Structure formats: C-alpha cells, structure tokens
file model-v3.json (JSON, C-alpha atoms)
[["chain", "number", "residue", "atom", "x", "y", "z"],
["A", 1, "MET", "CA", -12.81, 155.28, -148.71],
["A", 2, "HIS", "CA", -16.38, 155.39, -149.97],
["A", 3, "ALA", "CA", -17.03, 158.26, -152.41],
["A", 4, "ASP", "CA", -20.59, 159.57, -152.74],
["A", 5, "PRO", "CA", -22.00, 159.51, -156.26],
["A", 6, "PRO", "CA", -22.50, 162.96, -157.79],
["A", 7, "LEU", "CA", -25.90, 164.42, -157.00],
["A", 8, "THR", "CA", -26.24, 166.43, -160.18],
["A", 9, "SER", "CA", -26.51, 163.70, -162.81],
["A", 10, "PRO", "CA", -30.32, 163.16, -162.70],
["A", 11, "VAL", "CA", -30.78, 166.86, -163.48],
["A", 12, "ALA", "CA", -29.69, 166.08, -167.03],
["A", 13, "GLY", "CA", -33.02, 164.30, -167.43],
["A", 14, "LEU", "CA", -35.09, 167.40, -166.74],
["A", 15, "ASP", "CA", -37.00, 168.79, -169.72],
["A", 16, "ASN", "CA", -36.64, 172.53, -170.41],
["A", 17, "THR", "CA", -40.25, 172.87, -171.49],
["A", 18, "VAL", "CA", -41.83, 170.90, -168.64],
["A", 19, "HIS", "CA", -39.49, 171.98, -165.84],
["A", 20, "HIS", "CA", -41.25, 175.27, -165.30],
["A", 21, "ARG", "CA", -43.52, 175.78, -162.31],
["A", 22, "VAL", "CA", -46.57, 176.91, -164.30],
["A", 23, "ARG", "CA", -46.20, 174.36, -167.10],
["A", 24, "LEU", "CA", -45.69, 171.58, -164.57],
["A", 25, "GLY", "CA", -48.92, 172.70, -162.87],
["A", 26, "ILE", "CA", -50.84, 172.75, -166.15],
["A", 27, "LEU", "CA", -49.67, 169.25, -167.10],
["A", 28, "THR", "CA", -50.39, 167.96, -163.59],
["A", 29, "VAL", "CA", -54.01, 169.14, -163.73],
["A", 30, "LEU", "CA", -54.47, 167.78, -167.25],
["A", 31, "SER", "CA", -52.90, 164.42, -166.36],
["A", 32, "GLU", "CA", -55.70, 163.87, -163.81],
["A", 33, "ALA", "CA", -58.49, 164.86, -166.19],
["A", 34, "ASP", "CA", -59.72, 164.23, -169.69],
["A", 35, "ARG", "CA", -59.82, 167.98, -170.32],
["A", 36, "ALA", "CA", -59.97, 171.28, -168.44],
["A", 37, "ASP", "CA", -61.04, 174.72, -169.53],
["A", 38, "PHE", "CA", -59.01, 177.92, -169.45],
["A", 39, "GLY", "CA", -60.93, 179.31, -166.47],
["A", 40, "TYR", "CA", -60.44, 176.17, -164.39],
["A", 41, "LEU", "CA", -56.68, 176.17, -165.04],
["A", 42, "ARG", "CA", -56.42, 179.89, -164.27],
["A", 43, "THR", "CA", -58.31, 179.55, -160.98],
["A", 44, "THR", "CA", -56.70, 176.31, -159.82],
["A", 45, "LEU", "CA", -53.15, 177.45, -160.58],
["A", 46, "GLU", "CA", -53.79, 181.06, -159.52],
["A", 47, "LEU", "CA", -52.50, 182.58, -162.75],
["A", 48, "THR", "CA", -53.25, 185.64, -164.82],
["A", 49, "ASP", "CA", -54.77, 185.27, -168.29],
["A", 50, "GLY", "CA", -51.54, 186.37, -169.95],
["A", 51, "ASN", "CA", -49.31, 184.04, -167.96],
["A", 52, "LEU", "CA", -51.54, 181.05, -168.61],
["A", 53, "SER", "CA", -51.88, 181.87, -172.32],
["A", 54, "SER", "CA", -48.16, 182.16, -172.93],
["A", 55, "ASN", "CA", -47.39, 178.92, -171.09],
["A", 56, "LEU", "CA", -50.18, 177.07, -172.90],
["A", 57, "ALA", "CA", -48.75, 178.30, -176.19],
["A", 58, "THR", "CA", -45.33, 176.92, -175.20],
["A", 59, "LEU", "CA", -46.82, 173.54, -174.29],
["A", 60, "GLU", "CA", -48.90, 173.44, -177.47],
["A", 61, "GLN", "CA", -45.85, 174.26, -179.58],
["A", 62, "ALA", "CA", -44.00, 171.35, -177.92],
["A", 63, "GLY", "CA", -46.93, 169.02, -178.69],
["A", 64, "PHE", "CA", -47.70, 168.47, -174.99],
["A", 65, "VAL", "CA", -51.25, 169.87, -175.03],
["A", 66, "GLU", "CA", -54.10, 170.27, -177.51],
["A", 67, "ILE", "CA", -56.21, 173.41, -177.38],
["A", 68, "GLU", "CA", -59.78, 173.49, -178.62],
["A", 69, "LYS", "CA", -61.74, 176.72, -178.89],
["A", 70, "THR", "CA", -65.51, 176.37, -178.76],
["A", 71, "TYR", "CA", -68.53, 178.60, -178.33],
["A", 72, "GLU", "CA", -71.34, 178.26, -175.80],
["A", 73, "GLY", "CA", -73.93, 180.49, -177.35],
["A", 74, "ARG", "CA", -71.91, 183.62, -177.99],
["A", 75, "ARG", "CA", -69.42, 182.97, -175.20],
["A", 76, "PRO", "CA", -66.05, 181.57, -176.30],
["A", 77, "ARG", "CA", -64.62, 178.73, -174.27],
["A", 78, "THR", "CA", -61.15, 177.19, -174.47],
["A", 79, "TRP", "CA", -60.66, 173.54, -173.57],
["A", 80, "VAL", "CA", -57.21, 172.04, -173.04],
["A", 81, "ARG", "CA", -56.20, 168.38, -172.89],
["A", 82, "ALA", "CA", -52.81, 166.73, -172.43],
["A", 83, "THR", "CA", -51.44, 164.69, -175.31],
["A", 84, "ALA", "CA", -49.76, 161.30, -174.80],
["A", 85, "ALA", "CA", -46.42, 163.10, -175.22],
["A", 86, "GLY", "CA", -47.42, 165.59, -172.52],
["A", 87, "ARG", "CA", -48.37, 162.85, -170.08],
["A", 88, "SER", "CA", -45.09, 161.00, -170.77],
["A", 89, "ALA", "CA", -43.08, 164.21, -170.33],
["A", 90, "LEU", "CA", -44.74, 164.86, -166.96],
["A", 91, "ALA", "CA", -44.12, 161.27, -165.82],
["A", 92, "ALA", "CA", -40.47, 161.55, -166.87],
["A", 93, "GLU", "CA", -40.10, 164.87, -165.06],
["A", 94, "VAL", "CA", -41.59, 163.46, -161.85],
["A", 95, "ALA", "CA", -39.31, 160.42, -162.09],
["A", 96, "VAL", "CA", -36.23, 162.65, -162.38],
["A", 97, "LEU", "CA", -37.32, 164.83, -159.44],
["A", 98, "GLU", "CA", -37.94, 161.72, -157.34],
["A", 99, "ALA", "CA", -34.51, 160.38, -158.31],
["A", 100, "ILE", "CA", -32.87, 163.63, -157.17],
["A", 101, "VAL", "CA", -34.70, 163.52, -153.82],
["A", 102, "SER", "CA", -34.08, 159.82, -153.25],
["A", 103, "ARG", "CA", -30.35, 160.20, -153.99],
["A", 104, "VAL", "CA", -30.05, 162.76, -151.24],
["A", 105, "ASN", "CA", -32.15, 160.65, -148.88],
["A", 106, "GLY", "CA", -30.06, 157.60, -149.76],
["A", 107, "ALA", "CA", -26.81, 159.50, -149.19],
["A", 108, "GLY", "CA", -28.10, 160.75, -145.84],
["A", 109, "LYS", "CA", -29.02, 157.25, -144.71],
["A", 110, "ARG", "CA", -25.72, 155.68, -145.79],
["A", 111, "PRO", "CA", -23.82, 154.39, -142.73],
["A", 112, "ALA", "CA", -20.47, 155.94, -141.93],
["A", 113, "PRO", "CA", -17.51, 153.90, -143.24],
["B", 1, "MET", "CA", -33.14, 179.34, -176.26],
["B", 2, "HIS", "CA", -33.94, 178.04, -172.79],
["B", 3, "PRO", "CA", -31.18, 177.80, -170.24],
["B", 4, "SER", "CA", -30.43, 174.28, -169.01],
["B", 5, "PRO", "CA", -32.74, 173.41, -166.11],
["B", 6, "THR", "CA", -31.09, 173.09, -162.75],
["B", 7, "THR", "CA", -32.56, 172.03, -159.44],
["B", 8, "THR", "CA", -31.34, 171.33, -155.95],
["B", 9, "PRO", "CA", -32.72, 168.43, -153.91],
["B", 10, "ASP", "CA", -34.73, 170.96, -151.86],
["B", 11, "ASP", "CA", -36.17, 172.46, -155.04],
["B", 12, "ALA", "CA", -37.05, 168.98, -156.29],
["B", 13, "ALA", "CA", -38.80, 168.10, -153.01],
["B", 14, "THR", "CA", -40.74, 171.39, -153.07],
["B", 15, "THR", "CA", -41.75, 170.86, -156.70],
["B", 16, "LEU", "CA", -42.92, 167.30, -155.97],
["B", 17, "ALA", "CA", -44.96, 168.56, -153.03],
["B", 18, "GLY", "CA", -46.56, 171.16, -155.33],
["B", 19, "ILE", "CA", -47.38, 168.47, -157.90],
["B", 20, "ARG", "CA", -48.99, 166.31, -155.20],
["B", 21, "ALA", "CA", -51.06, 169.24, -153.91],
["B", 22, "THR", "CA", -52.24, 170.12, -157.43],
["B", 23, "ARG", "CA", -53.18, 166.48, -158.08],
["B", 24, "GLU", "CA", -55.17, 166.33, -154.85],
["B", 25, "LYS", "CA", -57.00, 169.55, -155.68],
["B", 26, "THR", "CA", -57.91, 168.32, -159.18],
["B", 27, "ARG", "CA", -59.05, 164.92, -157.88],
["B", 28, "SER", "CA", -61.18, 166.66, -155.27],
["B", 29, "ASP", "CA", -62.77, 168.83, -157.97],
["B", 30, "LEU", "CA", -63.43, 165.75, -160.11],
["B", 31, "CYS", "CA", -65.00, 163.85, -157.22],
["B", 32, "SER", "CA", -68.71, 163.45, -157.98],
["B", 33, "TYR", "CA", -69.50, 159.79, -157.44],
["B", 34, "TRP", "CA", -71.77, 160.69, -154.55],
["B", 35, "PHE", "CA", -74.51, 161.46, -157.07],
["B", 36, "ALA", "CA", -74.48, 157.94, -158.55],
["B", 37, "LEU", "CA", -74.59, 156.46, -155.04],
["B", 38, "VAL", "CA", -77.54, 158.60, -153.95],
["B", 39, "LEU", "CA", -79.41, 158.02, -157.22],
["B", 40, "PHE", "CA", -78.93, 154.25, -157.35],
["B", 41, "GLY", "CA", -79.32, 153.95, -153.58],
["B", 42, "THR", "CA", -82.75, 155.56, -153.88],
["B", 43, "LEU", "CA", -83.70, 153.38, -156.87],
["B", 44, "THR", "CA", -82.53, 150.25, -155.02],
["B", 45, "LEU", "CA", -84.60, 151.15, -151.95],
["B", 46, "LEU", "CA", -87.61, 151.79, -154.22],
["B", 47, "SER", "CA", -87.09, 148.35, -155.76],
["B", 48, "THR", "CA", -87.21, 146.55, -152.38],
["B", 49, "PRO", "CA", -91.00, 145.80, -152.37],
["B", 50, "PHE", "CA", -90.74, 144.23, -155.84],
["B", 51, "TYR", "CA", -88.38, 141.54, -154.50],
["B", 52, "SER", "CA", -91.23, 140.17, -152.36],
["B", 53, "MET", "CA", -93.59, 139.85, -155.34],
["B", 54, "GLY", "CA", -94.13, 136.88, -157.60],
["B", 55, "ASP", "CA", -91.36, 135.04, -159.42],
["B", 56, "GLY", "CA", -88.91, 137.91, -159.95],
["B", 57, "THR", "CA", -90.44, 139.19, -163.18],
["B", 58, "GLU", "CA", -91.64, 142.37, -161.44],
["B", 59, "VAL", "CA", -88.21, 143.28, -160.10],
["B", 60, "GLY", "CA", -86.67, 142.46, -163.48],
["B", 61, "LEU", "CA", -89.10, 144.81, -165.20],
["B", 62, "PHE", "CA", -88.43, 147.49, -162.56],
["B", 63, "TRP", "CA", -84.70, 147.43, -163.32],
["B", 64, "LEU", "CA", -85.29, 147.17, -167.06],
["B", 65, "VAL", "CA", -86.81, 150.65, -166.81],
["B", 66, "ALA", "CA", -84.89, 152.06, -163.82],
["B", 67, "ALA", "CA", -81.32, 151.11, -164.86],
["B", 68, "PRO", "CA", -81.24, 152.88, -168.26],
["B", 69, "LEU", "CA", -83.21, 155.78, -166.80],
["B", 70, "GLY", "CA", -80.73, 156.11, -163.92],
["B", 71, "MET", "CA", -77.78, 155.93, -166.34],
["B", 72, "ALA", "CA", -79.33, 158.66, -168.50],
["B", 73, "VAL", "CA", -79.92, 160.92, -165.48],
["B", 74, "MET", "CA", -76.36, 160.30, -164.30],
["B", 75, "ALA", "CA", -74.86, 161.04, -167.73],
["B", 76, "ARG", "CA", -76.84, 164.30, -167.87],
["B", 77, "TYR", "CA", -75.73, 165.28, -164.36],
["B", 78, "HIS", "CA", -72.06, 164.64, -165.14],
["B", 79, "HIS", "CA", -72.25, 166.50, -168.44],
["B", 80, "ASN", "CA", -73.78, 169.57, -166.78],
["B", 81, "ARG", "CA", -71.38, 169.44, -163.85],
["B", 82, "ASP", "CA", -68.28, 169.10, -166.03],
["B", 83, "GLU", "CA", -69.38, 172.05, -168.17],
["B", 84, "GLU", "CA", -70.06, 174.15, -165.08],
["B", 85, "ILE", "CA", -66.84, 173.37, -163.18],
["B", 86, "GLY", "CA", -64.64, 173.32, -166.26],
["B", 87, "VAL", "CA", -62.88, 170.01, -165.77],
["B", 88, "ARG", "CA", -63.92, 166.54, -166.91],
["B", 89, "PRO", "CA", -62.62, 163.14, -165.82],
["B", 90, "ALA", "CA", -61.63, 160.58, -168.46],
["B", 91, "PRO", "CA", -64.99, 158.82, -168.95],
["B", 92, "ARG", "CA", -63.92, 155.64, -170.77],
["B", 93, "ALA", "CA", -63.17, 153.43, -167.76],
["B", 94, "TYR", "CA", -66.41, 154.50, -166.04],
["B", 95, "VAL", "CA", -68.50, 153.80, -169.14],
["B", 96, "ILE", "CA", -66.89, 150.39, -169.72],
["B", 97, "THR", "CA", -67.41, 149.39, -166.06],
["B", 98, "SER", "CA", -71.04, 150.60, -166.08],
["B", 99, "VAL", "CA", -71.88, 148.74, -169.30],
["B", 100, "ALA", "CA", -70.20, 145.57, -167.97],
["B", 101, "LEU", "CA", -72.15, 145.94, -164.71],
["B", 102, "ILE", "CA", -75.52, 146.26, -166.46],
["B", 103, "ALA", "CA", -74.70, 143.32, -168.74],
["B", 104, "ALA", "CA", -73.62, 141.15, -165.78],
["B", 105, "CYS", "CA", -76.73, 142.06, -163.77],
["B", 106, "PHE", "CA", -79.14, 141.22, -166.57],
["B", 107, "ALA", "CA", -77.19, 138.12, -167.63],
["B", 108, "THR", "CA", -77.22, 136.65, -164.11],
["B", 109, "GLY", "CA", -80.66, 137.99, -163.12],
["B", 110, "PHE", "CA", -82.61, 136.95, -166.21],
["B", 111, "GLY", "CA", -80.22, 134.15, -167.25],
["B", 112, "GLY", "CA", -80.42, 132.51, -163.82],
["B", 113, "GLY", "CA", -84.21, 132.68, -163.97],
["B", 114, "LEU", "CA", -84.38, 131.18, -167.46],
["B", 115, "ALA", "CA", -81.92, 128.42, -166.53],
["B", 116, "ASP", "CA", -83.90, 127.71, -163.34],
["B", 117, "GLN", "CA", -80.92, 128.64, -161.17],
["B", 118, "PRO", "CA", -82.47, 130.77, -158.40],
["B", 119, "ASP", "CA", -79.14, 131.23, -156.58],
["B", 120, "VAL", "CA", -77.57, 132.74, -159.70],
["B", 121, "SER", "CA", -80.50, 135.12, -160.25],
["B", 122, "SER", "CA", -80.62, 136.06, -156.53],
["B", 123, "PHE", "CA", -76.92, 136.53, -155.78],
["B", 124, "GLY", "CA", -75.43, 137.22, -159.24],
["B", 125, "PRO", "CA", -76.61, 140.84, -159.65],
["B", 126, "PRO", "CA", -75.64, 142.05, -156.13],
["B", 127, "LEU", "CA", -72.26, 140.36, -156.43],
["B", 128, "ALA", "CA", -71.70, 142.01, -159.83],
["B", 129, "ILE", "CA", -72.60, 145.38, -158.26],
["B", 130, "ALA", "CA", -70.13, 144.84, -155.39],
["B", 131, "VAL", "CA", -67.35, 143.93, -157.83],
["B", 132, "ALA", "CA", -68.14, 146.93, -160.04],
["B", 133, "TYR", "CA", -67.96, 149.24, -157.03],
["B", 134, "VAL", "CA", -64.51, 147.89, -156.19],
["B", 135, "VAL", "CA", -63.50, 149.01, -159.69],
["B", 136, "PHE", "CA", -65.20, 152.41, -159.19],
["B", 137, "ALA", "CA", -63.38, 152.75, -155.85],
["B", 138, "ARG", "CA", -60.08, 152.14, -157.63],
["B", 139, "LEU", "CA", -60.93, 154.67, -160.34],
["B", 140, "ASP", "CA", -61.95, 157.29, -157.75],
["B", 141, "ARG", "CA", -59.16, 156.32, -155.31],
["B", 142, "SER", "CA", -61.80, 156.08, -152.60],
["B", 143, "ALA", "CA", -61.06, 153.88, -149.59],
["B", 144, "LEU", "CA", -64.59, 154.48, -148.28],
["B", 145, "LEU", "CA", -66.15, 153.18, -151.49],
["B", 146, "ALA", "CA", -63.81, 150.16, -151.48],
["B", 147, "VAL", "CA", -64.77, 149.29, -147.90],
["B", 148, "MET", "CA", -68.48, 149.66, -148.71],
["B", 149, "ALA", "CA", -68.15, 147.41, -151.79],
["B", 150, "CYS", "CA", -66.19, 144.75, -149.88],
["B", 151, "VAL", "CA", -68.67, 144.72, -146.98],
["B", 152, "LEU", "CA", -71.63, 144.39, -149.38],
["B", 153, "GLY", "CA", -69.84, 141.67, -151.38],
["B", 154, "GLY", "CA", -69.02, 139.82, -148.15],
["B", 155, "LEU", "CA", -72.64, 140.05, -146.98],
["B", 156, "THR", "CA", -73.86, 138.69, -150.33],
["B", 157, "ILE", "CA", -71.46, 135.75, -150.18],
["B", 158, "ALA", "CA", -72.40, 135.07, -146.54],
["B", 159, "LEU", "CA", -76.11, 134.96, -147.43],
["B", 160, "ALA", "CA", -75.36, 132.68, -150.39],
["B", 161, "VAL", "CA", -73.30, 130.31, -148.22],
["B", 162, "ALA", "CA", -76.02, 130.33, -145.52],
["B", 163, "ASP", "CA", -78.50, 129.43, -148.28],
["B", 164, "ALA", "CA", -80.83, 132.22, -147.15],
["B", 165, "SER", "CA", -84.35, 131.93, -148.50],
["B", 166, "ASN", "CA", -85.67, 134.97, -150.40],
["B", 167, "PRO", "CA", -82.57, 137.15, -149.85],
["B", 168, "GLY", "CA", -83.78, 139.79, -152.36],
["B", 169, "PRO", "CA", -85.48, 142.21, -149.95],
["B", 170, "ILE", "CA", -82.60, 142.04, -147.41],
["B", 171, "LEU", "CA", -79.97, 142.62, -150.09],
["B", 172, "ALA", "CA", -81.93, 145.40, -151.81],
["B", 173, "ALA", "CA", -82.53, 147.23, -148.53],
["B", 174, "THR", "CA", -78.91, 146.83, -147.39],
["B", 175, "TYR", "CA", -77.41, 147.84, -150.74],
["B", 176, "GLY", "CA", -79.83, 150.76, -151.13],
["B", 177, "ALA", "CA", -79.25, 152.11, -147.62],
["B", 178, "SER", "CA", -75.45, 151.67, -147.91],
["B", 179, "PHE", "CA", -75.34, 153.54, -151.24],
["B", 180, "LEU", "CA", -77.52, 156.33, -149.92],
["B", 181, "ILE", "CA", -75.58, 156.79, -146.66],
["B", 182, "THR", "CA", -72.15, 156.56, -148.36],
["B", 183, "GLY", "CA", -73.28, 158.96, -151.09],
["B", 184, "LEU", "CA", -74.46, 161.53, -148.57],
["B", 185, "MET", "CA", -71.21, 161.10, -146.60],
["B", 186, "VAL", "CA", -69.01, 161.86, -149.62],
["B", 187, "ARG", "CA", -71.28, 164.63, -150.87],
["B", 188, "ARG", "CA", -69.15, 167.13, -149.00],
["B", 189, "CYS", "CA", -66.12, 166.44, -151.23],
["B", 190, "THR", "CA", -67.90, 168.06, -154.16],
["B", 191, "PRO", "CA", -66.48, 171.52, -154.94],
["B", 192, "THR", "CA", -68.61, 174.61, -154.62],
["B", 193, "ARG", "CA", -69.83, 176.37, -157.73],
["B", 194, "ARG", "CA", -67.55, 178.95, -159.26]]
call {"tool": "encode", "arguments": {"input": "model-v3.json", "output": "structure tokens"}}
result
Amino acid sequence: MHADPPLTSPVAGLDNTVHHRVRLGILTVLSEADRADFGYLRTTLELTDGNLSSNLATLEQAGFVEIEKTYEGRRPRTWVRATAAGRSALAAEVAVLEAIVSRVNGAGKRPAP
Amino acid sequence: MHPSPTTTPDDAATTLAGIRATREKTRSDLCSYWFALVLFGTLTLLSTPFYSMGDGTEVGLFWLVAAPLGMAVMARYHHNRDEEIGVRPAPRAYVITSVALIAACFATGFGGGLADQPDVSSFGPPLAIAVAYVVFARLDRSALLAVMACVLGGLTIALAVADASNPGPILAATYGASFLITGLMVRRCTPTRR
C-alpha cells in the first residue's frame, strides 16, 4: 500500500513575522522596488495608517525593512525599503507556500495503486 | 509571543495569488520606460538628416550633445515621477546598461571611423542599441520591448550582411519610428496621478 506523505511538514518553514497577510504584502511591494513611501504602501495594500504603522514596526524590529523619515519642505515623508534579510524571508515564505500547494497537486495527480 | 503559523493548501494558494497580484500592481506602477522610448525615438528621428551629410562627423556631434542631454532629461523625469508616485525601481541595472550602451555606441561609432572601418561605425551603434534594449526588456519584463529589440537587431544584421550602402538614414528612421510607436503603445501602462 502506498501511504501519502504528510501535508503539514512544509508549514514548519513558515516564518511567524512574514506569514501575515499585511506584512507579506508590504514585503512583496518592496521586493519589486528600491523603495516605496508610506502613502504608496497604504494605498496599494488598502490599509489604514495605524495598521500599516504597526506592521512596519514589526518588520523593522525583525530587521526586514529600513524606514527613513525625510522632509519635503515642511511635509514629512516616510520611505521604506526591504533589507536583504527581508527579501530572503519573503523568498523563503513563497517557497514554503509553493511547496504546500505542489504537494497537494502532486498527491492529487498520483495514480491509484 | 506569536502563535505558530498554520496554513491549509487552499490558504497557501490564495496567499500566493495575492502575492502575484500585488507584484503585478507594483510592476505596473513602476512601468515608465515609454518615456525613454518616446524621447530617444524623437531624437533618433531628428538625427536622420545628419546621416546623409558628410563623413559621419555631423551625426557624431549630434549624438555627442543629444545623448547626454537625453539621459539628463530622462533622469529628471524618473526622479520627479518616483517622488510623485511614491515608489522607485532599483536604478542600478538601468544605469549600468545605459552607461554601457553609450560607451559601446561611441566606441564603435567613433572607433570604427578612426580605424577606417565603415561597417563597424555604421552597424556597431544600432546593434549595441538593440542588445541594450533586450536587457531593458528583461529588466522591465516586457515582451513587446523584447520583440522590438530583436526585430531591430535582425534588421541591422540583415543590412550588414546585404552590405547595404549608406544604411544610416534607413536605420535611424526605422529605429526612431519603432521607439516612438512602441513608446506611445506602452504609454497606457503608466499609472494615473494620485
């Protein structure tokens, strides 16, 4: 008899900090760009100021993003860029998610014994 | 402390789809290469009459002024646009490719003339431009740009193999018109102002 491998094992590779819908979105935007400002992230990810701020703080604390506060005239502007660790964490997260999906697809395609 | 993350295969598929959609949206917002195509397409069309003059010095002088000027205008445009939209692409690969392109154009254009190699000075710069645009197409993930670059490169090679006499005006007009038309075609991918 052919036993299916457990489907839960790749989940162990998921990162607590990255595996959050908003933080995944932030890192995804930043992985495509050199930097993005607070307003762009808020609009693109459809977030409130408070939600975005708290998740950026979490990512900054983990060393996944760098936050730079500048002024344009008197108007403050916050720029965010992903660190190398942030880009690696996103790539690892995507790889784990793809592994989970492909395991199910592979199990579904396996011929009956 | 965070709880351990858990996900079902359906959750994983949904999350991956969300990541793909966010990537597409960001790439679309970053898409601005139409401006370079329109700018350099116009400059190339303006340069066409110079290819029919004298020994090539005139067209060399035209590009000696137009190329740095065009680069400066483009840098200014991208700076303003990035500040306005709030997202900036990683510029290093674009800058390296642009500098290599200018160096290759002047090396083959002027170098071929000095070494009395008219084929090198005639076909070197357009071939360098076609190759550079293949790189730009890869950077911008643009199939349209890749096709345009390959067609222009193929045309350049075909004219070189056919040993066409005075190919400068034909190549300048074709490259200029192709850049301009392609640039206007992709103009619509630029996001609206916030």
call {"tool": "closest_atom_pairs", "arguments": {"input": "model-v3.json", "of": "chain B", "to": "chain A", "cutoff": "8 Å", "atoms": "only C-alpha atoms", "output": "tab-separated table"}}
result
residue	atom	partner	partner_atom	distance
B:His2	CA	A:Asn16	CA	6.6
B:Pro3	CA	A:Asn16	CA	7.6
B:Ser4	CA	A:Asn16	CA	6.6
B:Pro5	CA	A:Asn16	CA	5.9
B:Thr6	CA	A:Val11	CA	6.3
B:Thr7	CA	A:Val11	CA	6.8
B:Thr8	CA	A:Ile100	CA	7.9
B:Pro9	CA	A:Val101	CA	5.3
B:Asp10	CA	A:Val101	CA	7.7
B:Ala12	CA	A:Leu97	CA	5.2
B:Ala13	CA	A:Val101	CA	6.2
B:Thr15	CA	A:Arg21	CA	7.7
B:Leu16	CA	A:Leu97	CA	7.0
B:Ile19	CA	A:Thr28	CA	6.5
B:Thr22	CA	A:Val29	CA	6.6
B:Arg23	CA	A:Val29	CA	6.3
B:Lys25	CA	A:Thr44	CA	7.9
B:Thr26	CA	A:Val29	CA	6.0
B:Arg27	CA	A:Glu32	CA	6.9
B:Leu30	CA	A:Ala33	CA	7.9
B:Ile85	CA	A:Tyr40	CA	7.1
B:Gly86	CA	A:Asp37	CA	5.1
B:Val87	CA	A:Ala36	CA	4.1
B:Arg88	CA	A:Arg35	CA	5.5
B:Pro89	CA	A:Ala33	CA	4.5
B:Ala90	CA	A:Asp34	CA	4.3
B:Pro91	CA	A:Asp34	CA	7.6
call {"tool": "residues_around", "arguments": {"input": "model-v3.json", "residues": "stretch 54-58 of chain A", "least_positions_apart": "6", "cutoff": "8 Å", "atoms": "only C-alpha atoms", "output": "MDAnalysis selection string"}}
result
chainID A and resid 17 22:23 65
call {"tool": "atom_distance", "arguments": {"input": "model-v3.json", "atom1": "atom CA of B:Leu145", "atom2": "atom CA of B:Ile181"}}
result
11.2 Å
call {"tool": "atom_distance", "arguments": {"input": "model-v3.json", "atom1": "atom CA of B:Leu139", "atom2": "atom CA of B:Pro68"}}
result
21.9 Å
call {"tool": "closest_residue", "arguments": {"input": "model-v3.json", "among": "B:Pro125, B:Glu84, B:Leu114, B:Asp11", "to": "B:Ala100", "atoms": "all atoms listed in the file"}}
result
B:Pro125
call {"tool": "atom_distance", "arguments": {"input": "model-v3.json", "atom1": "atom CA of B:Leu180", "atom2": "atom CA of B:Ser47"}}
result
13.8 Å
call {"tool": "residues_around", "arguments": {"input": "model-v3.json", "residues": "stretch 171-175 of chain B", "least_positions_apart": "4", "cutoff": "6 Å", "atoms": "all atoms listed in the file", "output": "short mmCIF file (atom, residue, chain, number, x, y, z; two decimals) with C-alpha atoms, in the coordinates of the input"}}
result
data_model
loop_
_atom_site.label_atom_id
_atom_site.label_comp_id
_atom_site.auth_asym_id
_atom_site.auth_seq_id
_atom_site.Cartn_x
_atom_site.Cartn_y
_atom_site.Cartn_z
CA THR B 44 -82.53 150.25 -155.02
CA LEU B 45 -84.60 151.15 -151.95
CA THR B 48 -87.21 146.55 -152.38
#
call {"tool": "closest_residue", "arguments": {"input": "model-v3.json", "among": "B:Val73, B:Val38, B:Ala160, B:Val151", "to": "B:Phe123", "atoms": "all atoms listed in the file"}}
result
B:Ala160
call {"tool": "axis_aligned_box", "arguments": {"input": "model-v3.json", "around": "stretch 119-127 of chain B", "padding_each_side": "8 Å", "output": "lines of an AutoDock Vina configuration file"}}
result
center_x = -76.4
center_y = 136.6
center_z = -158.0
size_x = 24.4
size_y = 26.8
size_z = 20.5
call {"tool": "closest_residue", "arguments": {"input": "model-v3.json", "among": "B:Ala104, B:Leu152, B:Ile170, B:Ala93", "to": "B:Val135", "atoms": "only C-alpha atoms"}}
result
B:Ala93
